[in-house]
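Student: Sending over a structure as structure tokens; questions will come in a sec.
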Amino acid sequence: MEHPNADEPATDTGGGLVRVRLDISYDGTALHGWARQPGQRTVQGELELGLATVLRRDVDLTVAGRTDAGVHATGQVAHTDLPPALLEQHAGKLVRRLRGVLPADIAVTGVRVVSDDFDARFAALARHYVYRLTDSEAGPPPLRRADTAAWARRLDAGRMRVAAALLLGQQDFAAYCRRREGATTIRTLLQLDVDRHDEVIEIRASADAFCHSMVRSLVGALIAVGEGRREPGWPASLLSLTSRANDVPVAPAGGLTLVRVDYPDDAQLAARTLVTRAKRSTDPTAG
């Protein structure tokens, strides 16, 4: 089990600590998601171990979105609180030193001090994901096989695009979420675009937050439309449901990548955190 408050932000840096933002990338293929789990390789577990090794201090990370097993990231964000003297000791060298202790499938690409009001999870304005899949008979391009899912049947991207447009806006996405006790499934879907590039289809999804398995479930519904098994209006028709739809397939994890998390200016960080905590205080905002 993960720590009871593993995803809760520090509410008071106190003791002279400063808040530090980490920008993170990972290939999720061999990782069991973000959240630490005993006996499993996870992003949080590997990162906290690597940071503790370099800093010689236990570190507890708060993340923007807890990705599932097999999901990748090029734009993940986390924060922690550290003594300024410790940061000074590693000034300009922490990224390189972490590279020396982290496994090859995880990288910290940036470290910087941020406002005490910054909260990787609750201050986020939007999360942006890309799902890649190919219906090529040859399968995924060899150099993209880790982040591109293979699909055996030809897909009509135009039909998928029509279906995607009908899902935009603030909706109750209960039909597409694995419900968690006490967590809301109301989300504002800002973008759901479908584009074909030769034999690769990219689906770009952006929202204020995503509930558990929501992105892959949306992709699964669009795939059903692209195959011709469902009509373009079918995914939107499920928004009237108050629980997960059993006939919505979940697309393979390997095609999904978290590419960016947006935050407001420093002056708006505290207000954004208050609003988000009030809406989703128990939600994991996972893709």
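Residues in the structure tokens are numbered from 1 in each chain, the chains being A, B, ... in the order shown, and ligands are numbered from 1 in the order shown.
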In region 142-216 of chain A, what's strand (DSSP E) per DSSP? Answer as an MDAnalysis selection string?
Tutor: chainID A and resid 149:150 169:172 186:197 200:207
Student: Neighbours of Met214 (chain A) within 12 Å (only C-alpha atoms; same-chain residues fewer than 2 positions away dropped), as a PDB file with N, CA and C atoms, in the first residue's frame?
Tutor:
```pdb
ATOM      1  N   THR A  67      -0.073   8.529 -13.161  1.00  0.00           N
ATOM      2  CA  THR A  67      -0.286   7.719 -14.353  1.00  0.00           C
ATOM      3  C   THR A  67      -0.344   6.232 -13.998  1.00  0.00           C
ATOM      4  N   ASP A  68      -1.072   5.482 -14.841  1.00  0.00           N
ATOM      5  CA  ASP A  68      -1.264   4.052 -14.615  1.00  0.00           C
ATOM      6  C   ASP A  68      -0.065   3.249 -15.107  1.00  0.00           C
ATOM      7  N   TYR A 129      -2.559  15.005 -22.760  1.00  0.00           N
ATOM      8  CA  TYR A 129      -2.112  13.669 -23.118  1.00  0.00           C
ATOM      9  C   TYR A 129      -2.148  13.488 -24.633  1.00  0.00           C
ATOM     10  N   ASP A 172     -20.263  14.943 -16.956  1.00  0.00           N
ATOM     11  CA  ASP A 172     -20.027  13.877 -15.990  1.00  0.00           C
ATOM     12  C   ASP A 172     -19.535  12.667 -16.774  1.00  0.00           C
ATOM     13  N   PHE A 173     -18.251  12.347 -16.618  1.00  0.00           N
ATOM     14  CA  PHE A 173     -17.627  11.264 -17.374  1.00  0.00           C
ATOM     15  C   PHE A 173     -17.630   9.948 -16.598  1.00  0.00           C
ATOM     16  N   ALA A 174     -18.675   9.742 -15.784  1.00  0.00           N
ATOM     17  CA  ALA A 174     -18.757   8.515 -14.986  1.00  0.00           C
ATOM     18  C   ALA A 174     -18.642   7.262 -15.852  1.00  0.00           C
ATOM     19  N   ALA A 175     -19.198   7.300 -17.058  1.00  0.00           N
ATOM     20  CA  ALA A 175     -19.169   6.135 -17.948  1.00  0.00           C
ATOM     21  C   ALA A 175     -17.754   5.764 -18.361  1.00  0.00           C
ATOM     22  N   TYR A 176     -16.823   6.717 -18.233  1.00  0.00           N
ATOM     23  CA  TYR A 176     -15.445   6.515 -18.696  1.00  0.00           C
ATOM     24  C   TYR A 176     -14.433   6.436 -17.549  1.00  0.00           C
ATOM     25  N   CYS A 177     -14.893   6.374 -16.334  1.00  0.00           N
ATOM     26  CA  CYS A 177     -13.996   6.414 -15.180  1.00  0.00           C
ATOM     27  C   CYS A 177     -14.172   5.183 -14.296  1.00  0.00           C
ATOM     28  N   ARG A 178     -13.078   4.775 -13.712  1.00  0.00           N
ATOM     29  CA  ARG A 178     -13.148   3.786 -12.643  1.00  0.00           C
ATOM     30  C   ARG A 178     -13.376   4.562 -11.357  1.00  0.00           C
ATOM     31  N   ARG A 179     -14.573   4.480 -10.853  1.00  0.00           N
ATOM     32  CA  ARG A 179     -14.980   5.341  -9.743  1.00  0.00           C
ATOM     33  C   ARG A 179     -14.181   5.060  -8.478  1.00  0.00           C
ATOM     34  N   THR A 185     -16.688  12.650 -10.785  1.00  0.00           N
ATOM     35  CA  THR A 185     -16.324  12.279 -12.153  1.00  0.00           C
ATOM     36  C   THR A 185     -16.670  13.399 -13.135  1.00  0.00           C
ATOM     37  N   ILE A 186     -16.985  14.570 -12.624  1.00  0.00           N
ATOM     38  CA  ILE A 186     -17.250  15.727 -13.482  1.00  0.00           C
ATOM     39  C   ILE A 186     -15.921  16.350 -13.889  1.00  0.00           C
ATOM     40  N   ARG A 187     -15.739  16.502 -15.188  1.00  0.00           N
ATOM     41  CA  ARG A 187     -14.505  17.050 -15.739  1.00  0.00           C
ATOM     42  C   ARG A 187     -14.850  18.018 -16.874  1.00  0.00           C
ATOM     43  N   LEU A 189     -13.570  18.707 -20.426  1.00  0.00           N
ATOM     44  CA  LEU A 189     -12.722  18.225 -21.516  1.00  0.00           C
ATOM     45  C   LEU A 189     -12.497  19.377 -22.486  1.00  0.00           C
ATOM     46  N   ALA A 205      -5.730  14.741 -25.999  1.00  0.00           N
ATOM     47  CA  ALA A 205      -6.771  14.967 -24.995  1.00  0.00           C
ATOM     48  C   ALA A 205      -6.264  15.940 -23.938  1.00  0.00           C
ATOM     49  N   SER A 206      -7.047  16.984 -23.676  1.00  0.00           N
ATOM     50  CA  SER A 206      -6.705  17.961 -22.644  1.00  0.00           C
ATOM     51  C   SER A 206      -7.928  18.211 -21.779  1.00  0.00           C
ATOM     52  N   ALA A 207      -7.700  18.310 -20.467  1.00  0.00           N
ATOM     53  CA  ALA A 207      -8.798  18.577 -19.532  1.00  0.00           C
ATOM     54  C   ALA A 207      -8.241  19.231 -18.289  1.00  0.00           C
ATOM     55  N   ALA A 209      -8.614  18.053 -15.472  1.00  0.00           N
ATOM     56  CA  ALA A 209      -8.078  16.857 -14.810  1.00  0.00           C
ATOM     57  C   ALA A 209      -8.767  15.656 -15.434  1.00  0.00           C
ATOM     58  N   PHE A 210      -8.155  14.485 -15.271  1.00  0.00           N
ATOM     59  CA  PHE A 210      -8.742  13.245 -15.766  1.00  0.00           C
ATOM     60  C   PHE A 210      -8.908  12.287 -14.598  1.00  0.00           C
ATOM     61  N   CYS A 211     -10.043  11.610 -14.538  1.00  0.00           N
ATOM     62  CA  CYS A 211     -10.207  10.588 -13.515  1.00  0.00           C
ATOM     63  C   CYS A 211      -9.584   9.272 -13.992  1.00  0.00           C
ATOM     64  N   HIS A 212      -9.558   8.303 -13.108  1.00  0.00           N
ATOM     65  CA  HIS A 212      -8.817   7.069 -13.331  1.00  0.00           C
ATOM     66  C   HIS A 212      -9.278   6.354 -14.603  1.00  0.00           C
ATOM     67  N   ARG A 216      -7.822   6.569 -21.597  1.00  0.00           N
ATOM     68  CA  ARG A 216      -7.803   5.313 -22.355  1.00  0.00           C
ATOM     69  C   ARG A 216      -9.210   4.795 -22.638  1.00  0.00           C
ATOM     70  N   SER A 217     -10.153   5.116 -21.767  1.00  0.00           N
ATOM     71  CA  SER A 217     -11.537   4.722 -22.031  1.00  0.00           C
ATOM     72  C   SER A 217     -12.138   5.560 -23.159  1.00  0.00           C
ATOM     73  N   LEU A 218     -11.837   6.853 -23.167  1.00  0.00           N
ATOM     74  CA  LEU A 218     -12.297   7.705 -24.272  1.00  0.00           C
ATOM     75  C   LEU A 218     -11.710   7.212 -25.595  1.00  0.00           C
ATOM     76  N   VAL A 219     -10.428   6.887 -25.583  1.00  0.00           N
ATOM     77  CA  VAL A 219      -9.780   6.376 -26.789  1.00  0.00           C
ATOM     78  C   VAL A 219     -10.429   5.055 -27.213  1.00  0.00           C
ATOM     79  N   GLY A 220     -10.713   4.191 -26.255  1.00  0.00           N
ATOM     80  CA  GLY A 220     -11.360   2.919 -26.569  1.00  0.00           C
ATOM     81  C   GLY A 220     -12.703   3.119 -27.242  1.00  0.00           C
ATOM     82  N   ALA A 221     -13.484   4.090 -26.766  1.00  0.00           N
ATOM     83  CA  ALA A 221     -14.781   4.371 -27.375  1.00  0.00           C
ATOM     84  C   ALA A 221     -14.612   4.918 -28.790  1.00  0.00           C
ATOM     85  N   ARG A 244     -19.715   3.473 -14.532  1.00  0.00           N
ATOM     86  CA  ARG A 244     -18.895   3.077 -15.664  1.00  0.00           C
ATOM     87  C   ARG A 244     -19.671   2.180 -16.622  1.00  0.00           C
ATOM     88  N   ALA A 245     -19.511   2.457 -17.932  1.00  0.00           N
ATOM     89  CA  ALA A 245     -20.158   1.648 -18.958  1.00  0.00           C
ATOM     90  C   ALA A 245     -19.314   0.401 -19.225  1.00  0.00           C
ATOM     91  N   VAL A 248     -17.507  -0.099 -22.730  1.00  0.00           N
ATOM     92  CA  VAL A 248     -16.456   0.811 -23.193  1.00  0.00           C
ATOM     93  C   VAL A 248     -15.108   0.134 -22.990  1.00  0.00           C
ATOM     94  N   PRO A 249     -14.397  -0.177 -24.080  1.00  0.00           N
ATOM     95  CA  PRO A 249     -13.087  -0.814 -23.924  1.00  0.00           C
ATOM     96  C   PRO A 249     -12.041   0.182 -23.453  1.00  0.00           C
ATOM     97  N   VAL A 250     -11.023  -0.302 -22.756  1.00  0.00           N
ATOM     98  CA  VAL A 250      -9.908   0.537 -22.319  1.00  0.00           C
ATOM     99  C   VAL A 250      -8.735   0.279 -23.262  1.00  0.00           C
ATOM    100  N   ALA A 251      -8.277   1.312 -23.941  1.00  0.00           N
ATOM    101  CA  ALA A 251      -7.183   1.168 -24.895  1.00  0.00           C
ATOM    102  C   ALA A 251      -5.898   0.771 -24.177  1.00  0.00           C
ATOM    103  N   ALA A 253      -2.315   0.600 -22.500  1.00  0.00           N
ATOM    104  CA  ALA A 253      -1.608   1.676 -21.797  1.00  0.00           C
ATOM    105  C   ALA A 253      -0.427   2.220 -22.581  1.00  0.00           C
ATOM    106  N   LEU A 256      -0.265   5.709 -24.510  1.00  0.00           N
ATOM    107  CA  LEU A 256      -0.610   6.963 -23.844  1.00  0.00           C
ATOM    108  C   LEU A 256       0.612   7.639 -23.220  1.00  0.00           C
ATOM    109  N   PRO A 284      -7.519  11.411  -7.728  1.00  0.00           N
ATOM    110  CA  PRO A 284      -6.131  11.185  -8.113  1.00  0.00           C
ATOM    111  C   PRO A 284      -5.719  11.866  -9.392  1.00  0.00           C
ATOM    112  N   THR A 285      -6.662  12.395 -10.164  1.00  0.00           N
ATOM    113  CA  THR A 285      -6.397  13.033 -11.452  1.00  0.00           C
ATOM    114  C   THR A 285      -5.496  12.181 -12.324  1.00  0.00           C
ATOM    115  N   ALA A 286      -5.786  10.917 -12.416  1.00  0.00           N
ATOM    116  CA  ALA A 286      -4.961  10.010 -13.228  1.00  0.00           C
ATOM    117  C   ALA A 286      -5.552   9.834 -14.599  1.00  0.00           C
ATOM    118  N   GLY A 287      -4.683   9.528 -15.578  1.00  0.00           N
ATOM    119  CA  GLY A 287      -5.138   9.336 -16.937  1.00  0.00           C
ATOM    120  C   GLY A 287      -5.567   7.932 -17.228  1.00  0.00           C
TER     121      GLY A 287
END
```
Student: Please provide the set of residues having any atom within 6 Å of region 259-270 of chain A, restricted to only C-alpha atoms, with same-chain residues fewer than 6 positions apart removed, written as a ChimeraX atom specification.
Tutor: /A:73-75,117-118,123-129
Student: Would you give me, as a PyMOL selection string, the residues in region 108-228 of chain A that DSSP reads as alpha helix (DSSP H)?
Tutor: chain A and resi 157-165+214-226
Student: Figure out the distance between CA of Arg66 (chain A) and CA of Trp34 (chain A), please, to one decimal in Å.
Tutor: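 Spanning CA of Trp34 (chain A) to CA of Arg66 (chain A) is a straight-line distance of 5.2 Å.
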Student: Please report the interatomic distance between CA of Met160 (chain A) and CA of Gly139 (chain A) in Å with one decimal.
Tutor: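 Those two atoms sit 20.3 Å apart.
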